[in-house]
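Text of query08.txt, listed as compact mmCIF, C-alpha atoms:
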# COMPACT_ATOMS: atom_id res chain seq x y z
CA MET A 1 128.26 -46.51 182.02
CA GLY A 2 129.78 -46.94 185.46
CA PRO A 3 130.81 -44.34 188.03
CA GLY A 4 133.94 -43.47 186.03
CA PRO A 5 136.13 -43.62 184.14
CA ILE A 6 133.71 -43.22 181.27
CA SER A 7 133.87 -43.03 177.48
CA ALA A 8 135.75 -39.87 176.50
CA TYR A 9 134.46 -37.29 174.06
CA PRO A 10 135.78 -38.24 170.58
CA SER A 11 137.30 -34.79 170.16
CA VAL A 12 139.30 -35.28 173.37
CA LEU A 13 140.81 -38.48 171.99
CA ARG A 14 141.63 -36.70 168.74
CA ALA A 15 143.24 -33.82 170.60
CA MET A 16 145.47 -36.23 172.51
CA SER A 17 146.86 -37.63 169.24
CA ALA A 18 148.37 -34.26 168.27
CA PRO A 19 152.18 -34.10 167.88
CA LEU A 20 154.30 -33.52 170.98
CA VAL A 21 156.30 -30.34 171.46
CA GLY A 22 159.01 -29.31 173.89
CA GLN A 23 157.93 -28.06 177.30
CA TYR A 24 159.13 -24.51 176.56
CA ASP A 25 158.00 -24.40 172.96
CA PRO A 26 155.92 -21.21 172.55
CA PHE A 27 152.95 -23.34 171.53
CA MET A 28 153.25 -25.38 174.74
CA THR A 29 153.40 -22.39 177.06
CA ALA A 30 150.57 -20.67 175.16
CA THR A 31 148.48 -23.83 175.49
CA MET A 32 149.15 -23.93 179.23
CA THR A 33 148.01 -20.32 179.58
CA GLU A 34 144.92 -20.94 177.45
CA THR A 35 144.04 -24.03 179.51
CA GLN A 36 144.24 -22.02 182.72
CA GLU A 37 141.71 -19.51 181.38
CA LEU A 38 139.38 -22.29 180.18
CA TYR A 39 139.36 -23.92 183.60
CA ARG A 40 138.54 -20.63 185.29
CA GLY A 41 135.30 -20.89 183.34
CA VAL A 42 134.80 -24.52 184.34
CA TRP A 43 135.34 -23.77 188.05
CA SER A 44 133.48 -20.42 187.89
CA THR A 45 136.38 -18.53 189.40
CA ALA A 46 138.65 -15.58 188.81
CA ASN A 47 141.52 -17.32 190.64
CA ASP A 48 144.83 -16.70 188.89
CA ALA A 49 146.10 -19.96 190.44
CA THR A 50 144.02 -22.26 188.25
CA LEU A 51 145.99 -24.98 186.52
CA LEU A 52 146.54 -28.73 186.10
CA ILE A 53 148.40 -31.24 188.24
CA ASP A 54 149.99 -33.99 186.14
CA GLY A 55 148.52 -37.19 187.53
CA THR A 56 145.15 -38.71 188.30
CA SER A 57 142.57 -36.90 190.41
CA ARG A 58 144.27 -38.26 193.52
CA ALA A 59 147.41 -36.36 192.53
CA GLY A 60 145.41 -33.14 192.70
CA ILE A 61 144.02 -34.07 196.11
CA GLU A 62 147.47 -34.84 197.46
CA ALA A 63 149.04 -31.70 195.98
CA ALA A 64 146.38 -29.52 197.60
CA MET A 65 146.48 -31.17 201.00
CA ILE A 66 150.25 -31.71 201.31
CA SER A 67 150.85 -28.08 200.30
CA LEU A 68 148.20 -26.50 202.54
CA ILE A 69 148.65 -28.64 205.68
CA ARG A 70 151.52 -27.85 207.99
CA PRO A 71 152.58 -30.71 210.29
CA GLY A 72 150.43 -30.51 213.42
CA ASP A 73 147.60 -28.56 211.81
CA ARG A 74 144.13 -29.62 212.83
CA VAL A 75 142.15 -30.87 209.86
CA LEU A 76 138.43 -31.68 209.94
CA VAL A 77 137.19 -34.30 207.47
CA PRO A 78 133.46 -35.05 207.30
CA VAL A 79 133.09 -38.62 205.99
CA PHE A 80 130.01 -39.80 204.12
CA GLY A 81 131.65 -42.39 201.85
CA ARG A 82 134.92 -43.96 200.79
CA PHE A 83 136.55 -40.78 199.58
CA GLY A 84 136.10 -38.95 202.86
CA HIS A 85 138.21 -41.70 204.36
CA LEU A 86 140.78 -41.02 201.61
CA LEU A 87 140.99 -37.33 202.51
CA ALA A 88 141.48 -38.25 206.17
CA GLU A 89 144.30 -40.64 205.27
CA ILE A 90 146.09 -38.10 203.09
CA ALA A 91 145.78 -35.51 205.86
CA GLU A 92 147.25 -38.03 208.29
CA ARG A 93 150.16 -38.69 205.93
CA ALA A 94 150.70 -34.91 205.85
CA LEU A 95 151.17 -35.16 209.66
CA ALA A 96 147.98 -33.32 210.48
CA GLU A 97 145.96 -33.78 213.64
CA VAL A 98 142.97 -35.32 211.89
CA HIS A 99 139.41 -35.09 213.23
CA THR A 100 136.55 -36.88 211.47
CA ILE A 101 132.80 -36.86 211.77
CA GLU A 102 130.60 -39.39 209.98
CA VAL A 103 127.07 -40.00 208.76
CA PRO A 104 125.80 -43.34 207.43
CA TRP A 105 126.60 -44.04 203.78
CA GLY A 106 123.72 -42.76 201.68
CA GLN A 107 123.32 -39.53 203.62
CA VAL A 108 125.00 -36.09 203.63
CA PHE A 109 125.79 -33.58 206.39
CA PRO A 110 123.39 -30.82 207.39
CA THR A 111 125.22 -27.49 207.35
CA SER A 112 124.50 -27.01 211.05
CA VAL A 113 126.35 -30.22 211.90
CA LEU A 114 129.38 -29.06 209.94
CA GLU A 115 129.39 -25.68 211.68
CA ASP A 116 129.08 -27.32 215.10
CA ALA A 117 132.10 -29.52 214.29
CA ILE A 118 134.11 -26.52 213.08
CA VAL A 119 133.39 -24.66 216.31
CA ARG A 120 134.32 -27.70 218.40
CA VAL A 121 137.48 -28.78 216.52
CA ARG A 122 138.77 -25.33 215.45
CA PRO A 123 140.56 -26.76 212.40
CA ALA A 124 142.98 -24.97 210.13
CA LEU A 125 141.43 -26.77 207.15
CA LEU A 126 138.06 -28.31 206.33
CA ALA A 127 138.49 -31.06 203.71
CA LEU A 128 135.17 -32.15 202.25
CA VAL A 129 134.17 -34.26 199.25
CA GLN A 130 131.44 -32.71 197.12
CA GLY A 131 130.27 -35.81 195.24
CA ASP A 132 131.27 -39.24 196.57
CA THR A 133 130.77 -41.87 193.88
CA SER A 134 130.97 -44.70 196.40
CA THR A 135 127.55 -43.65 197.71
CA THR A 136 126.43 -41.37 194.81
CA MET A 137 125.68 -38.59 197.32
CA LEU A 138 126.26 -34.87 196.65
CA GLN A 139 127.16 -32.80 199.70
CA PRO A 140 125.66 -29.27 199.56
CA LEU A 141 128.47 -26.70 199.68
CA GLU A 142 126.70 -23.40 199.14
CA ASP A 143 126.76 -22.13 202.75
CA ILE A 144 129.95 -23.73 204.01
CA GLY A 145 132.45 -21.21 202.67
CA GLU A 146 130.88 -18.39 204.65
CA ILE A 147 131.03 -20.50 207.81
CA CYS A 148 134.69 -21.34 207.20
CA ALA A 149 135.58 -17.70 206.54
CA ARG A 150 133.82 -16.62 209.72
CA HIS A 151 135.85 -19.10 211.77
CA GLY A 152 139.17 -18.60 209.98
CA VAL A 153 139.18 -22.06 208.36
CA LEU A 154 140.53 -22.93 204.92
CA PHE A 155 137.90 -24.68 202.79
CA TYR A 156 138.99 -27.44 200.39
CA THR A 157 136.76 -29.76 198.38
CA ASP A 158 137.36 -32.76 196.17
CA ALA A 159 135.04 -32.35 193.17
CA THR A 160 136.44 -35.24 191.14
CA ALA A 161 133.10 -36.96 190.59
CA SER A 162 130.87 -33.90 190.43
CA LEU A 163 132.56 -31.08 188.51
CA GLY A 164 130.92 -30.44 185.16
CA GLY A 165 127.76 -32.41 185.89
CA ASN A 166 126.53 -30.63 189.00
CA ALA A 167 126.52 -26.99 190.05
CA PHE A 168 129.88 -25.70 191.24
CA GLU A 169 130.69 -22.07 192.06
CA ALA A 170 134.24 -21.81 193.40
CA ASP A 171 134.17 -18.07 194.07
CA ALA A 172 130.53 -17.67 195.10
CA TRP A 173 130.81 -20.58 197.54
CA GLY A 174 134.03 -19.33 199.10
CA LEU A 175 136.31 -22.23 198.18
CA ASP A 176 140.00 -21.84 199.02
CA ALA A 177 141.00 -24.93 197.06
CA ALA A 178 139.24 -27.42 194.83
CA THR A 179 140.49 -30.32 192.74
CA ALA A 180 138.97 -32.68 190.20
CA GLY A 181 139.77 -35.23 187.50
CA LEU A 182 138.87 -35.57 183.84
CA GLN A 183 137.40 -39.07 183.86
CA LYS A 184 133.91 -38.29 185.13
CA CYS A 185 131.64 -35.47 183.95
CA LEU A 186 134.46 -33.66 182.12
CA GLY A 187 134.55 -36.52 179.61
CA GLY A 188 138.26 -37.29 179.35
CA PRO A 189 140.72 -39.94 180.47
CA SER A 190 142.22 -40.19 183.92
CA GLY A 191 145.63 -38.60 184.19
CA SER A 192 145.22 -34.85 184.70
CA ALA A 193 143.83 -33.08 187.76
CA PRO A 194 142.40 -29.54 187.43
CA ILE A 195 142.93 -27.41 190.53
CA THR A 196 141.99 -23.89 191.57
CA LEU A 197 143.37 -21.97 194.56
CA SER A 198 142.23 -18.77 196.24
CA GLU A 199 144.66 -15.95 197.02
CA ARG A 200 144.51 -16.99 200.67
CA ALA A 201 145.55 -20.52 199.79
CA VAL A 202 148.36 -19.24 197.59
CA GLU A 203 149.67 -17.10 200.47
CA ILE A 204 149.99 -20.21 202.64
CA ILE A 205 151.67 -22.14 199.85
CA ARG A 206 154.11 -19.29 199.18
CA SER A 207 154.95 -19.08 202.89
CA ARG A 208 156.21 -22.68 202.64
CA ALA A 209 158.36 -22.08 199.57
CA LYS A 210 161.46 -24.13 198.84
CA VAL A 211 163.08 -24.34 195.42
CA GLU A 212 165.19 -27.39 194.75
CA ALA A 213 168.95 -27.11 194.40
CA GLY A 214 170.07 -26.85 190.80
CA ILE A 215 167.33 -24.44 189.74
CA ARG A 216 167.32 -22.15 192.78
CA GLU A 217 168.05 -18.50 192.05
CA PRO A 218 169.30 -15.67 194.26
CA GLY A 219 166.49 -14.38 196.43
CA ASP A 220 164.51 -17.65 196.46
CA VAL A 221 162.99 -18.30 199.88
CA ASP A 222 163.86 -21.47 201.78
CA ALA A 223 161.09 -21.83 204.38
CA PRO A 224 161.79 -24.05 207.41
CA ASP A 225 158.36 -25.72 207.18
CA PHE A 226 158.59 -26.33 203.44
CA VAL A 227 156.17 -28.70 201.67
CA ARG A 228 157.32 -32.29 202.32
CA SER A 229 156.91 -33.36 198.72
CA ASN A 230 158.82 -32.29 195.66
CA TYR A 231 156.45 -33.42 192.93
CA PHE A 232 153.33 -32.14 194.71
CA ASP A 233 154.84 -28.85 195.96
CA LEU A 234 152.29 -26.38 194.65
CA GLY A 235 154.72 -23.51 195.16
CA MET A 236 157.06 -24.85 192.50
CA ILE A 237 154.16 -25.99 190.30
CA LEU A 238 152.68 -22.48 190.41
CA ASP A 239 156.03 -21.09 189.31
CA TYR A 240 156.14 -23.65 186.49
CA TRP A 241 152.73 -22.54 185.21
CA GLY A 242 153.30 -18.85 185.94
CA PRO A 243 155.42 -16.19 184.24
CA ARG A 244 158.60 -17.49 185.85
CA ARG A 245 158.27 -20.85 184.04
CA LEU A 246 160.46 -22.46 186.68
CA ASN A 247 161.54 -25.91 185.51
CA HIS A 248 159.83 -28.44 187.75
CA HIS A 249 158.68 -31.53 185.88
CA THR A 250 158.12 -32.20 182.19
CA GLU A 251 154.53 -31.31 181.39
CA ALA A 252 152.40 -34.27 180.25
CA THR A 253 151.81 -32.89 176.77
CA SER A 254 149.08 -35.25 175.55
CA MET A 255 147.18 -34.93 178.83
CA LEU A 256 147.40 -31.16 178.54
CA TYR A 257 145.84 -31.35 175.08
CA GLY A 258 143.12 -33.64 176.40
CA ALA A 259 142.38 -31.49 179.45
CA ARG A 260 142.20 -28.36 177.33
CA GLU A 261 139.71 -30.06 175.00
CA CYS A 262 137.56 -31.26 177.93
CA ALA A 263 137.21 -27.67 179.10
CA ARG A 264 136.73 -26.32 175.58
CA VAL A 265 133.91 -28.78 174.84
CA LEU A 266 132.15 -27.95 178.12
CA LEU A 267 132.34 -24.20 177.64
CA LEU A 268 131.38 -24.41 173.97
CA GLU A 269 128.16 -26.23 174.88
CA GLY A 270 127.73 -23.90 177.85
CA ARG A 271 128.46 -24.75 181.48
CA ASP A 272 124.83 -24.46 182.55
CA ALA A 273 123.68 -26.43 179.51
CA VAL A 274 126.06 -29.28 180.32
CA ILE A 275 124.87 -29.38 183.93
CA GLU A 276 121.28 -29.44 182.70
CA ARG A 277 122.10 -32.25 180.24
CA HIS A 278 123.48 -34.28 183.11
CA ARG A 279 120.37 -33.56 185.16
CA ILE A 280 117.96 -34.62 182.41
CA ASN A 281 119.81 -37.83 181.56
CA GLY A 282 120.39 -38.62 185.22
CA GLU A 283 116.69 -38.26 185.95
CA ALA A 284 115.86 -40.49 182.98
CA MET A 285 118.23 -43.18 184.27
CA LEU A 286 116.76 -42.85 187.75
CA ALA A 287 113.25 -43.25 186.35
CA GLY A 288 114.42 -46.17 184.23
CA VAL A 289 115.91 -48.24 187.03
CA ARG A 290 112.80 -47.60 189.10
CA GLY A 291 110.73 -48.67 186.10
CA LEU A 292 112.57 -52.00 186.25
CA GLY A 293 111.48 -52.34 189.86
CA LEU A 294 114.95 -51.70 191.30
CA VAL A 295 115.36 -50.02 194.68
CA VAL A 296 117.52 -46.88 194.62
CA PHE A 297 120.12 -46.60 197.38
CA GLY A 298 120.55 -43.53 199.55
CA ASP A 299 118.84 -40.19 199.94
CA VAL A 300 117.73 -39.46 196.38
CA ALA A 301 117.16 -35.80 197.26
CA HIS A 302 120.95 -35.48 197.64
CA LYS A 303 122.03 -37.77 194.81
CA MET A 304 124.53 -36.61 192.20
CA SER A 305 122.88 -36.06 188.84
CA ASN A 306 125.47 -38.19 187.08
CA VAL A 307 125.34 -41.55 188.89
CA VAL A 308 122.70 -43.71 190.57
CA ALA A 309 123.16 -46.67 192.93
CA VAL A 310 120.59 -49.47 192.86
CA GLU A 311 120.15 -52.42 195.20
CA ILE A 312 121.02 -55.70 193.49
CA PRO A 313 117.84 -57.84 193.45
CA GLU A 314 117.84 -60.84 195.75
CA GLY A 315 119.04 -63.95 193.97
CA VAL A 316 120.87 -62.07 191.21
CA PRO A 317 124.66 -62.63 191.31
CA GLY A 318 125.90 -59.05 191.15
CA ASP A 319 129.36 -59.51 189.68
CA VAL A 320 128.25 -62.24 187.26
CA ALA A 321 125.42 -60.04 185.99
CA ARG A 322 127.83 -57.10 185.57
CA ALA A 323 130.12 -59.36 183.56
CA ALA A 324 127.18 -60.33 181.33
CA MET A 325 126.43 -56.65 180.70
CA LEU A 326 130.02 -56.12 179.61
CA ASN A 327 130.60 -59.34 177.66
CA ASP A 328 127.24 -59.53 175.88
CA PHE A 329 126.37 -55.87 175.40
CA GLY A 330 129.68 -54.01 175.73
CA ILE A 331 128.28 -51.93 178.58
CA GLU A 332 130.15 -51.52 181.86
CA ILE A 333 128.37 -50.66 185.09
CA GLY A 334 130.04 -50.49 188.51
CA THR A 335 129.92 -52.20 191.84
CA SER A 336 130.86 -50.27 194.99
CA PHE A 337 133.23 -50.38 197.94
CA GLY A 338 133.28 -51.34 201.59
CA PRO A 339 129.83 -51.97 203.08
CA LEU A 340 128.18 -51.52 199.67
CA HIS A 341 130.32 -54.00 197.74
CA GLY A 342 128.08 -56.71 196.33
CA ARG A 343 125.01 -54.85 197.56
CA VAL A 344 124.58 -52.16 194.90
CA TRP A 345 125.38 -51.45 191.28
CA ARG A 346 126.39 -47.93 190.31
CA ILE A 347 125.27 -46.69 186.89
CA GLY A 348 126.68 -43.46 185.52
CA THR A 349 125.38 -40.93 183.01
CA MET A 350 128.24 -38.50 182.68
CA GLY A 351 130.26 -36.57 180.16
CA TYR A 352 129.94 -38.00 176.65
CA ASN A 353 127.61 -40.72 177.98
CA ALA A 354 125.04 -38.27 179.36
CA ARG A 355 122.85 -38.76 176.29
CA THR A 356 119.58 -40.46 175.42
CA ASP A 357 120.82 -43.40 173.36
CA ALA A 358 123.36 -44.42 176.01
CA VAL A 359 120.69 -44.35 178.74
CA LEU A 360 118.15 -46.35 176.75
CA GLN A 361 120.65 -48.97 175.58
CA THR A 362 121.88 -49.47 179.12
CA LEU A 363 118.37 -49.93 180.47
CA ALA A 364 117.42 -52.36 177.69
CA ALA A 365 120.55 -54.44 178.30
CA LEU A 366 120.04 -54.37 182.08
CA GLU A 367 116.47 -55.62 181.66
CA THR A 368 117.66 -58.55 179.55
CA VAL A 369 120.38 -59.51 182.01
CA LEU A 370 118.09 -59.23 185.02
CA ARG A 371 115.54 -61.49 183.37
CA ARG A 372 118.25 -64.00 182.48
CA PHE A 373 119.14 -64.33 186.16
CA GLY A 374 115.58 -64.82 187.27
CA ALA A 375 114.50 -61.33 188.27
CA ALA A 376 110.88 -60.50 187.50
CA VAL A 377 111.04 -57.17 185.69
CA PRO A 378 108.39 -55.36 183.62
CA VAL A 379 108.78 -55.77 179.87
CA ALA A 380 110.36 -52.55 178.55
CA GLY A 381 109.74 -51.06 181.99
CA GLY A 382 113.06 -49.26 182.16
CA VAL A 383 113.05 -47.86 178.65
CA GLU A 384 109.44 -46.70 178.85
CA ALA A 385 109.98 -44.99 182.20
CA ALA A 386 113.08 -43.24 180.87
CA LEU A 387 111.26 -42.10 177.74
CA SER A 388 108.48 -40.74 179.92
CA ALA A 389 111.07 -38.79 181.95
CA TYR A 390 112.56 -37.38 178.75
CA GLY A 391 109.07 -36.39 177.66
CA SER A 392 108.46 -34.59 180.92
CA ALA A 393 111.77 -32.77 180.62
CA SER A 394 110.87 -31.70 177.07
CA ASP A 395 107.44 -30.50 178.20
CA GLY A 396 109.16 -28.51 180.94
CA ASP A 397 111.31 -26.75 178.35
Please go through the file and, once you have read it, give me the structure as structure tokens.
Amino acid sequence: MGPGPISAYPSVLRAMSAPLVGQYDPFMTATMTETQELYRGVWSTANDATLLIDGTSRAGIEAAMISLIRPGDRVLVPVFGRFGHLLAEIAERALAEVHTIEVPWGQVFPTSVLEDAIVRVRPALLALVQGDTSTTMLQPLEDIGEICARHGVLFYTDATASLGGNAFEADAWGLDAATAGLQKCLGGPSGSAPITLSERAVEIIRSRAKVEAGIREPGDVDAPDFVRSNYFDLGMILDYWGPRRLNHHTEATSMLYGARECARVLLLEGRDAVIERHRINGEAMLAGVRGLGLVVFGDVAHKMSNVVAVEIPEGVPGDVARAAMLNDFGIEIGTSFGPLHGRVWRIGTMGYNARTDAVLQTLAALETVLRRFGAAVPVAGGVEAALSAYGSASDGD
């Protein structure tokens, strides 16, 4: 019940136990094609270039940024938590001229501030996290794509922590590139990174094409400013997933099965229904921690639906209490990073764990542990507050 990874859907684990097949077995290539179509539904896009990067969510981030950033490009990275700093570092490693703007952790950027920075910096690429689990904040994206298009800026977002549990409209919001991971709201294990790319992004990637010796064919382009990574070269990866089926790497078969099942489960329940389930359970957890008298960190109006950060009560040893939750109740909650380490706990309600029994059990266990370490908390305060929130949600239906 932390900020991720979380407990996977049982059907995802079953799917990953299926027999392996060769990477050009007709079943394998058909599964790849099917998975692409499923993730178009997850991302809400018609992008043909919708696929998986074999690796954790960071692999998707690096593939997008290393393939889209030419050395010397200006890149603007708004930072409102740890993972904004990560995007800035990856852009720097891609030899970009990196510009950052920052707000205090616990806040997000007003759209006007982002537009002012775009006008001032004139970047080739805006790289922006949607949901940063280090702070639990959700950056609004709805109006940013139009601003980027007006100023000729590519728009990339890291949706690792938010996709599937919060609204995301790749096409309607004007995204050129977006990446995610399975281990949060999508309810799978870490190890596969869904990505979607606009036609504009694909044009840039294709303009940097280089096919490795040994599989190069007559007519293949060899661009002078080719992507400075082999594994994360989206040009070759697109050819691997596309009709050409260019041999690049050996597809991670079990992760493919798992990723396909994550998308299938989400779309079977209904994308809007899954987002609403995350909202209802997230609001119940929020009410529950407040019912225990805990102070919620950050601007709650811009909190992700799937994770809440709470201030650790004075006198309670944060890491020792977390260990008690895990050892005595089998429930994991998270700490945080940087300036928030040891100051807050992060409690997730995402994917398979965005359900009533998981929320109530976590709150009951947290109450017991808090009382053990001397915190004065209302008896059943968390559970009762959560049940009241569920009742309000039901009345609203």
**Message:** Using only C-alpha atoms for the distances, tell me which of A:Glu92, A:Glu142, A:Asp272, A:Glu314 is nearest to Pro110 (chain A).
**Reply:**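 Nearest to Pro110 (chain A): A:Glu142.
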**Asked** Which residue out of A:Ala193, A:Ile312, A:Val300, A:Val369 has the minimum interatomic distance to Asn327 (chain A) when only C-alpha atoms are used?
**Response**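 Counting only C-alpha atoms, the residue closest to Asn327 (chain A) is A:Val369.
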**Message:** Please list as a ChimeraX atom specification every residue within 7 Å of Pro78 (chain A), counting all atoms listed in the file and excluding residues in the same chain fewer than 2 positions away.
**Reply:** /A:76,80,84,100-102,128
Limited to C-alpha atoms, could you put the picked residues into a file as a PDB file, in the frame of the given file?
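result.pdb, freshly written:
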ATOM      1  CA  LEU A  76     138.430 -31.680 209.940  1.00  0.00           C
ATOM      2  CA  PHE A  80     130.010 -39.800 204.120  1.00  0.00           C
ATOM      3  CA  GLY A  84     136.100 -38.950 202.860  1.00  0.00           C
ATOM      4  CA  THR A 100     136.550 -36.880 211.470  1.00  0.00           C
ATOM      5  CA  ILE A 101     132.800 -36.860 211.770  1.00  0.00           C
ATOM      6  CA  GLU A 102     130.600 -39.390 209.980  1.00  0.00           C
ATOM      7  CA  LEU A 128     135.170 -32.150 202.250  1.00  0.00           C
TER       8      LEU A 128
END
**Item:** Pairwise distance for CA of Leu141 (chain A) and CA of Ala63 (chain A), rounded to one decimal in Å
**Value:**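 Result for CA of Leu141 (chain A) versus CA of Ala63 (chain A): 21.5 Å, one decimal.
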**Item:** Selection: 9 Å around Val42 (chain A), all atoms listed in the file, excl. self and same-chain fewer than 3 positions, as a PyMOL selection string
**Value:** chain A and resi 38-39+45+163-164+168+263+266-267+271
**CA of Val316 (chain A) to CA of Ile333 (chain A), distance in Å rounded to a single decimal** =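 Calculated distance between CA of Val316 (chain A) and CA of Ile333 (chain A) is 15.0 Å.
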**Asked** Hey, which of A:Ser57, A:Ser394, A:Ser207, A:Asn306 ends up closest to Phe226 (chain A)? Count only C-alpha atoms.
**Response**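 The closest residue to Phe226 (chain A) is A:Ser207.
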**Asked** Which residues, written as a list in words, have at least one atom at most 9 Å from Gly22 (chain A), with all atoms listed in the file counted and residues fewer than 2 positions away on the same chain left out?
**Response** Leu20, Tyr24, Asp25, Pro26, Phe27, Met28, Thr250, Glu251 and Thr253 of chain A
**Message:** So that I can see what lies close to Gly334 (chain A), please list as a list in words the residues with an atom at most 6 Å from it, counting all atoms listed in the file and leaving out residues fewer than 5 positions away in the same chain.
**Reply:** Gly2, Trp345 and Arg346 of chain A
**Message:** What does the structure give for the distance between CA of Gly187 (chain A) and CA of Ala8 (chain A), in Å to one decimal?
**Reply:**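 It comes out at 4.7 Å.
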**Asked** Which residue, A:Met137, A:Ala365, A:Val383, A:Ile347, has the smallest gap to Ser162 (chain A) when you use all atoms listed in the file?
**Response**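 So, comparing all the options, the nearest one is A:Met137.
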Would you pick out the contacts of Thr133 (chain A) at 8 Å or less, using only C-alpha atoms, so that residues sharing its chain but fewer than 3 positions from it are not included, and give the list as a PDB file with C-alpha atoms, in the frame of the given file?
ATOM      1  CA  PRO A   3     130.810 -44.340 188.030  1.00  0.00           C
ATOM      2  CA  THR A 136     126.430 -41.370 194.810  1.00  0.00           C
ATOM      3  CA  MET A 137     125.680 -38.590 197.320  1.00  0.00           C
ATOM      4  CA  ALA A 161     133.100 -36.960 190.590  1.00  0.00           C
ATOM      5  CA  VAL A 307     125.340 -41.550 188.890  1.00  0.00           C
TER       6      VAL A 307
END
**Request:** Would you mind telling me which residue in A:Pro194, A:Pro10, A:Gly181, A:Gly106 lies nearest to Ile53 (chain A) when using only C-alpha atoms?
**Result:** A:Pro194
**Asked** Which is closest to Val221 (chain A) among A:Leu292, A:Ala209, A:Leu363, A:Ala323, if we use only C-alpha atoms?
**Response**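 Among the listed residues, the smallest separation from Val221 (chain A) belongs to A:Ala209.
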**Cut-off 10 Å around (117.1, -31.4, 182.5) with all atoms listed in the file: residues as a ChimeraX atom specification** = /A:273-284,305,389-390,392-394,396-397
